[in-house]
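Next comes model.pdb, a file with PDB, C-alpha atoms.
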```
ATOM      1  CA  MET A   1     349.096 177.753  96.241  1.00  0.00           C
ATOM      2  CA  SER A   2     345.440 177.009  95.522  1.00  0.00           C
ATOM      3  CA  THR A   3     344.069 176.163  92.128  1.00  0.00           C
ATOM      4  CA  THR A   4     340.474 176.833  91.204  1.00  0.00           C
ATOM      5  CA  VAL A   5     338.960 174.129  89.034  1.00  0.00           C
ATOM      6  CA  LYS A   6     336.090 175.343  86.887  1.00  0.00           C
ATOM      7  CA  ALA A   7     333.143 173.005  86.411  1.00  0.00           C
ATOM      8  CA  SER A   8     332.817 171.613  82.931  1.00  0.00           C
ATOM      9  CA  SER A   9     329.665 172.073  80.900  1.00  0.00           C
ATOM     10  CA  PRO A  10     327.697 168.892  80.154  1.00  0.00           C
ATOM     11  CA  ARG A  11     327.350 168.050  76.471  1.00  0.00           C
ATOM     12  CA  ILE A  12     324.004 167.777  74.741  1.00  0.00           C
ATOM     13  CA  MET A  13     323.795 164.207  73.534  1.00  0.00           C
ATOM     14  CA  HIS A  14     320.679 164.271  71.357  1.00  0.00           C
ATOM     15  CA  VAL A  15     318.039 166.705  70.185  1.00  0.00           C
ATOM     16  CA  LYS A  16     314.841 166.191  68.209  1.00  0.00           C
ATOM     17  CA  TRP A  17     311.448 167.866  68.192  1.00  0.00           C
ATOM     18  CA  GLY A  18     310.241 168.060  71.805  1.00  0.00           C
ATOM     19  CA  HIS A  19     313.178 166.101  73.246  1.00  0.00           C
ATOM     20  CA  ILE A  20     316.676 167.035  74.452  1.00  0.00           C
ATOM     21  CA  GLU A  21     319.098 164.667  76.183  1.00  0.00           C
ATOM     22  CA  VAL A  22     321.943 166.092  78.274  1.00  0.00           C
ATOM     23  CA  GLU A  23     325.028 164.202  79.413  1.00  0.00           C
ATOM     24  CA  GLY A  24     324.644 163.050  83.016  1.00  0.00           C
ATOM     25  CA  ALA A  25     320.954 163.981  83.339  1.00  0.00           C
ATOM     26  CA  ASP A  26     318.592 161.271  84.515  1.00  0.00           C
ATOM     27  CA  ARG A  27     315.777 162.489  82.266  1.00  0.00           C
ATOM     28  CA  SER A  28     315.143 164.243  78.969  1.00  0.00           C
ATOM     29  CA  PHE A  29     313.839 167.780  78.536  1.00  0.00           C
ATOM     30  CA  LYS A  30     311.559 169.740  76.217  1.00  0.00           C
ATOM     31  CA  ASP A  31     313.340 172.981  77.122  1.00  0.00           C
ATOM     32  CA  VAL A  32     316.578 172.998  79.106  1.00  0.00           C
ATOM     33  CA  LYS A  33     319.061 175.334  80.777  1.00  0.00           C
ATOM     34  CA  VAL A  34     322.590 173.918  80.596  1.00  0.00           C
ATOM     35  CA  TYR A  35     325.506 175.462  82.494  1.00  0.00           C
ATOM     36  CA  PRO A  36     328.865 174.547  83.996  1.00  0.00           C
ATOM     37  CA  GLY A  37     328.255 171.725  86.441  1.00  0.00           C
ATOM     38  CA  GLY A  38     324.713 170.797  85.431  1.00  0.00           C
ATOM     39  CA  CYS A  39     321.360 171.454  83.852  1.00  0.00           C
ATOM     40  CA  ARG A  40     317.700 171.840  84.708  1.00  0.00           C
ATOM     41  CA  THR A  41     314.323 172.244  83.076  1.00  0.00           C
ATOM     42  CA  TRP A  42     313.873 175.647  81.492  1.00  0.00           C
ATOM     43  CA  ASN A  43     310.453 176.659  82.798  1.00  0.00           C
ATOM     44  CA  TRP A  44     309.444 179.755  80.858  1.00  0.00           C
ATOM     45  CA  ASN A  45     306.853 180.678  83.490  1.00  0.00           C
ATOM     46  CA  GLU A  46     309.597 181.395  86.058  1.00  0.00           C
ATOM     47  CA  THR A  47     310.764 184.499  84.210  1.00  0.00           C
ATOM     48  CA  GLY A  48     307.898 185.301  81.866  1.00  0.00           C
ATOM     49  CA  THR A  49     309.635 184.053  78.745  1.00  0.00           C
ATOM     50  CA  SER A  50     307.450 183.636  75.659  1.00  0.00           C
ATOM     51  CA  HIS A  51     308.140 183.457  71.945  1.00  0.00           C
ATOM     52  CA  ASN A  52     307.672 187.209  71.779  1.00  0.00           C
ATOM     53  CA  PRO A  53     309.264 189.277  73.315  1.00  0.00           C
ATOM     54  CA  GLY A  54     311.625 186.355  73.817  1.00  0.00           C
ATOM     55  CA  ILE A  55     314.378 185.149  76.109  1.00  0.00           C
ATOM     56  CA  GLN A  56     314.481 187.076  79.371  1.00  0.00           C
ATOM     57  CA  LEU A  57     317.577 188.537  80.993  1.00  0.00           C
ATOM     58  CA  ALA A  58     316.933 186.534  84.186  1.00  0.00           C
ATOM     59  CA  ASP A  59     317.349 183.258  82.276  1.00  0.00           C
ATOM     60  CA  VAL A  60     320.742 184.327  80.934  1.00  0.00           C
ATOM     61  CA  GLU A  61     321.875 185.760  84.281  1.00  0.00           C
ATOM     62  CA  GLU A  62     321.357 182.325  85.835  1.00  0.00           C
ATOM     63  CA  LEU A  63     323.760 180.756  83.318  1.00  0.00           C
ATOM     64  CA  VAL A  64     326.442 183.323  84.117  1.00  0.00           C
ATOM     65  CA  GLU A  65     325.881 182.892  87.876  1.00  0.00           C
ATOM     66  CA  HIS A  66     326.723 179.200  87.355  1.00  0.00           C
ATOM     67  CA  GLY A  67     330.059 180.172  85.779  1.00  0.00           C
ATOM     68  CA  ALA A  68     329.305 180.358  82.051  1.00  0.00           C
ATOM     69  CA  GLU A  69     331.918 182.428  80.239  1.00  0.00           C
ATOM     70  CA  ALA A  70     330.044 182.119  76.930  1.00  0.00           C
ATOM     71  CA  VAL A  71     326.365 181.585  76.148  1.00  0.00           C
ATOM     72  CA  VAL A  72     324.382 179.895  73.375  1.00  0.00           C
ATOM     73  CA  LEU A  73     320.722 180.822  72.941  1.00  0.00           C
ATOM     74  CA  SER A  74     318.489 178.688  70.748  1.00  0.00           C
ATOM     75  CA  LYS A  75     315.709 180.256  68.708  1.00  0.00           C
ATOM     76  CA  GLY A  76     313.723 177.006  68.526  1.00  0.00           C
ATOM     77  CA  MET A  77     313.499 174.473  65.729  1.00  0.00           C
ATOM     78  CA  LEU A  78     311.432 176.825  63.559  1.00  0.00           C
ATOM     79  CA  LYS A  79     313.215 179.990  64.764  1.00  0.00           C
ATOM     80  CA  ARG A  80     310.131 181.418  66.483  1.00  0.00           C
ATOM     81  CA  LEU A  81     311.730 182.200  69.846  1.00  0.00           C
ATOM     82  CA  GLN A  82     313.095 185.723  69.966  1.00  0.00           C
ATOM     83  CA  VAL A  83     315.739 187.235  72.244  1.00  0.00           C
ATOM     84  CA  GLN A  84     315.159 190.565  73.954  1.00  0.00           C
ATOM     85  CA  GLN A  85     317.696 193.217  72.961  1.00  0.00           C
ATOM     86  CA  LYS A  86     318.314 194.092  76.620  1.00  0.00           C
ATOM     87  CA  THR A  87     319.450 190.486  77.145  1.00  0.00           C
ATOM     88  CA  LEU A  88     322.014 190.780  74.350  1.00  0.00           C
ATOM     89  CA  ASP A  89     323.078 194.233  75.565  1.00  0.00           C
ATOM     90  CA  TRP A  90     323.695 192.806  79.050  1.00  0.00           C
ATOM     91  CA  LEU A  91     325.962 190.101  77.596  1.00  0.00           C
ATOM     92  CA  ASP A  92     327.815 192.673  75.468  1.00  0.00           C
ATOM     93  CA  GLU A  93     328.347 194.966  78.478  1.00  0.00           C
ATOM     94  CA  ARG A  94     330.028 192.104  80.343  1.00  0.00           C
ATOM     95  CA  GLY A  95     332.131 190.947  77.405  1.00  0.00           C
ATOM     96  CA  ILE A  96     330.408 187.563  77.342  1.00  0.00           C
ATOM     97  CA  GLU A  97     330.554 185.967  73.916  1.00  0.00           C
ATOM     98  CA  TYR A  98     327.242 184.559  72.697  1.00  0.00           C
ATOM     99  CA  GLN A  99     325.555 182.973  69.730  1.00  0.00           C
ATOM    100  CA  VAL A 100     321.841 183.003  68.847  1.00  0.00           C
ATOM    101  CA  LEU A 101     320.976 180.129  66.508  1.00  0.00           C
ATOM    102  CA  PRO A 102     318.219 177.692  65.497  1.00  0.00           C
ATOM    103  CA  THR A 103     318.182 174.815  67.990  1.00  0.00           C
ATOM    104  CA  GLU A 104     320.097 172.158  66.051  1.00  0.00           C
ATOM    105  CA  GLU A 105     322.847 174.643  65.129  1.00  0.00           C
ATOM    106  CA  ALA A 106     322.828 175.969  68.706  1.00  0.00           C
ATOM    107  CA  VAL A 107     323.485 172.445  70.023  1.00  0.00           C
ATOM    108  CA  GLU A 108     326.473 172.063  67.681  1.00  0.00           C
ATOM    109  CA  ALA A 109     327.897 175.444  68.716  1.00  0.00           C
ATOM    110  CA  TYR A 110     327.321 174.730  72.412  1.00  0.00           C
ATOM    111  CA  ASN A 111     329.031 171.317  72.275  1.00  0.00           C
ATOM    112  CA  LYS A 112     332.021 172.827  70.464  1.00  0.00           C
ATOM    113  CA  TRP A 113     332.384 175.557  73.084  1.00  0.00           C
ATOM    114  CA  ALA A 114     331.845 173.022  75.905  1.00  0.00           C
ATOM    115  CA  ASP A 115     335.065 171.325  74.774  1.00  0.00           C
ATOM    116  CA  GLU A 116     336.914 174.637  75.114  1.00  0.00           C
ATOM    117  CA  ARG A 117     335.510 176.569  78.095  1.00  0.00           C
ATOM    118  CA  PRO A 118     332.671 176.886  80.613  1.00  0.00           C
ATOM    119  CA  VAL A 119     329.561 177.601  78.577  1.00  0.00           C
ATOM    120  CA  GLY A 120     325.853 177.913  79.275  1.00  0.00           C
ATOM    121  CA  GLY A 121     322.886 177.511  76.991  1.00  0.00           C
ATOM    122  CA  LEU A 122     319.143 177.836  76.703  1.00  0.00           C
ATOM    123  CA  PHE A 123     317.583 175.262  74.393  1.00  0.00           C
ATOM    124  CA  HIS A 124     314.006 175.189  73.096  1.00  0.00           C
ATOM    125  CA  SER A 125     313.156 171.950  71.276  1.00  0.00           C
ATOM    126  CA  THR A 126     309.946 172.950  69.510  1.00  0.00           C
ATOM    127  CA  CYS A 127     308.821 175.947  67.451  1.00  0.00           C
TER     128      CYS A 127
END
```
Let me see whether you can do it: turn the structure in this file into structure tokens.
Amino acid sequence: MSTTVKASSPRIMHVKWGHIEVEGADRSFKDVKVYPGGCRTWNWNETGTSHNPGIQLADVEELVEHGAEAVVLSKGMLKRLQVQQKTLDWLDERGIEYQVLPTEEAVEAYNKWADERPVGGLFHSTC
């Protein structure tokens, strides 16, 4: 009988304007993608993300590909980052629970979920 062990999601240790620290990472981030088993810089240029129209589907798909069963999307510290409706629709169609919150609240929600299940998140530490 084989047992599949799901990777845990690293906790976010500290967030302030322009600076996010993730458990196990050897550096800090301005914007970060966090997912079961790791994290990496969230480079908006890779997918064409901007404050408006907002978070791209490709960014969220990557989190799910890494095993996230739930997703937290941060709107930025000043709530300027939007989320495209097609991104939310895609999550709904797959039954993936999500939260869209200002960054500090998003970190709290993410860390709570990380204690319970594989979760992914996109975190923007400025506007």
With distances taken over only C-alpha atoms, which of A:His124, A:His19, A:Arg11, A:Arg40 is nearest to Lys75 (chain A)? A:His124
Spatial sel., origin (328.8, 165.1, 75.4), limit 7 Å, only C-alpha atoms, listed as a list in words: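 Taken together, the residues in range are Pro10, Arg11, Ile12, Met13, Glu23 and Asn111 of chain A.
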For CA of Ile20 (chain A) and CA of Gln85 (chain A), determine how far apart the two atoms are, in Å to one decimal place. 26.2 Å
Quick one: residues within 7 Å of region 52-59 of chain A, only C-alpha atoms counted, chain neighbours fewer than 3 positions away excluded, as a list in words?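 Near neighbours after the sequence-gap exclusion: Thr47, Thr49, Glu62, Leu63, Leu81, Gln82, Val83, Gln84 and Thr87 of chain A.
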Output of the PyMOL selection byres ((chain A and resi 31-36) around 7), listed as a list in words: Ala7, Ser8, Ser9, Pro10, Phe29, Lys30, Gly37, Gly38, Cys39, Arg40, Thr41, Trp42, Leu63, His66, Gly67, Ala68, Pro118, Val119, Gly120, Gly121, Leu122, Phe123, His124 and Ser125 of chain A
Tell me, in Å to one decimal, how far CA of Lys6 (chain A) is from CA of Ser28 (chain A).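 These atoms are spaced 25.0 Å apart.
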Name all residues at most 6 Å from Leu101 (chain A) (count only C-alpha atoms; drop same-chain ones fewer than 2 positions away) and give them as a PyMOL selection string. chain A and resi 74-75+105-106
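Our summary of the geometry notes that CA of Trp90 (chain A) is positioned 12.6 Å from CA of Ala70 (chain A).
Using all atoms listed in the file for every distance, the candidate list A:Val71, A:Asn43, A:Gly24, A:Ser50 yields A:Val71 as the residue closest to Ala114 (chain A).
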Which residue of A:Val72, A:Leu88, A:Val100, A:Met77 approaches Lys112 (chain A) most closely, using only C-alpha atoms: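 For Lys112 (chain A), the nearest of the given residues is A:Val72.
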Residue rebuild result region 66-100 of chain A, N, CA and C atoms as a compact mmCIF listing (two decimals), in the frame of the given file:
```
# COMPACT_ATOMS: atom_id res chain seq x y z
N HIS A 66 326.18 180.56 87.24
CA HIS A 66 326.72 179.20 87.36
C HIS A 66 328.12 179.09 86.75
N GLY A 67 328.68 180.19 86.27
CA GLY A 67 330.06 180.17 85.78
C GLY A 67 330.24 180.16 84.28
N ALA A 68 329.17 180.34 83.52
CA ALA A 68 329.30 180.36 82.05
C ALA A 68 330.10 181.58 81.62
N GLU A 69 331.11 181.36 80.80
CA GLU A 69 331.92 182.43 80.24
C GLU A 69 331.50 182.75 78.80
N ALA A 70 330.63 181.92 78.26
CA ALA A 70 330.04 182.12 76.93
C ALA A 70 328.64 181.53 76.99
N VAL A 71 327.77 181.99 76.09
CA VAL A 71 326.36 181.58 76.15
C VAL A 71 325.85 181.30 74.74
N VAL A 72 325.06 180.23 74.63
CA VAL A 72 324.38 179.90 73.38
C VAL A 72 322.88 179.94 73.65
N LEU A 73 322.17 180.68 72.81
CA LEU A 73 320.72 180.82 72.94
C LEU A 73 320.07 180.24 71.71
N SER A 74 319.16 179.28 71.91
CA SER A 74 318.49 178.69 70.75
C SER A 74 317.20 179.44 70.45
N LYS A 75 316.91 179.55 69.17
CA LYS A 75 315.71 180.26 68.71
C LYS A 75 314.54 179.30 68.49
N GLY A 76 314.74 178.01 68.80
CA GLY A 76 313.72 177.01 68.53
C GLY A 76 313.98 176.34 67.19
N MET A 77 313.31 175.24 66.96
CA MET A 77 313.50 174.47 65.73
C MET A 77 313.03 175.25 64.50
N LEU A 78 311.97 176.04 64.68
CA LEU A 78 311.43 176.82 63.56
C LEU A 78 311.78 178.31 63.68
N LYS A 79 312.70 178.63 64.58
CA LYS A 79 313.21 179.99 64.76
C LYS A 79 312.15 180.99 65.22
N ARG A 80 311.21 180.53 66.03
CA ARG A 80 310.13 181.42 66.48
C ARG A 80 310.43 182.12 67.80
N LEU A 81 311.39 181.60 68.56
CA LEU A 81 311.73 182.20 69.85
C LEU A 81 312.68 183.37 69.62
N GLN A 82 312.28 184.53 70.11
CA GLN A 82 313.10 185.72 69.97
C GLN A 82 313.97 185.92 71.20
N VAL A 83 314.89 186.87 71.12
CA VAL A 83 315.74 187.24 72.24
C VAL A 83 315.59 188.73 72.45
N GLN A 84 315.30 189.14 73.67
CA GLN A 84 315.16 190.56 73.95
C GLN A 84 316.50 191.27 73.77
N GLN A 85 316.47 192.45 73.19
CA GLN A 85 317.70 193.22 72.96
C GLN A 85 318.42 193.52 74.27
N LYS A 86 317.65 193.78 75.34
CA LYS A 86 318.31 194.09 76.62
C LYS A 86 319.11 192.89 77.14
N THR A 87 318.70 191.69 76.77
CA THR A 87 319.45 190.49 77.14
C THR A 87 320.79 190.47 76.42
N LEU A 88 320.77 190.75 75.13
CA LEU A 88 322.01 190.78 74.35
C LEU A 88 322.91 191.94 74.79
N ASP A 89 322.31 193.07 75.10
CA ASP A 89 323.08 194.23 75.56
C ASP A 89 323.79 193.90 76.87
N TRP A 90 323.12 193.19 77.76
CA TRP A 90 323.70 192.81 79.05
C TRP A 90 324.92 191.92 78.83
N LEU A 91 324.82 190.96 77.91
CA LEU A 91 325.96 190.10 77.60
C LEU A 91 327.11 190.92 77.01
N ASP A 92 326.79 191.81 76.09
CA ASP A 92 327.82 192.67 75.47
C ASP A 92 328.53 193.52 76.52
N GLU A 93 327.77 194.11 77.45
CA GLU A 93 328.35 194.97 78.48
C GLU A 93 329.34 194.22 79.36
N ARG A 94 329.16 192.92 79.50
CA ARG A 94 330.03 192.10 80.34
C ARG A 94 331.11 191.38 79.55
N GLY A 95 331.12 191.60 78.25
CA GLY A 95 332.13 190.95 77.40
C GLY A 95 331.94 189.44 77.29
N ILE A 96 330.71 189.00 77.43
CA ILE A 96 330.41 187.56 77.34
C ILE A 96 330.03 187.24 75.90
N GLU A 97 330.82 186.37 75.30
CA GLU A 97 330.55 185.97 73.92
C GLU A 97 329.27 185.14 73.88
N TYR A 98 328.48 185.31 72.82
CA TYR A 98 327.24 184.56 72.70
C TYR A 98 326.94 184.28 71.24
N GLN A 99 326.09 183.29 71.05
CA GLN A 99 325.56 182.97 69.73
C GLN A 99 324.06 182.75 69.88
N VAL A 100 323.29 183.21 68.90
CA VAL A 100 321.84 183.00 68.85
C VAL A 100 321.58 182.26 67.55
```
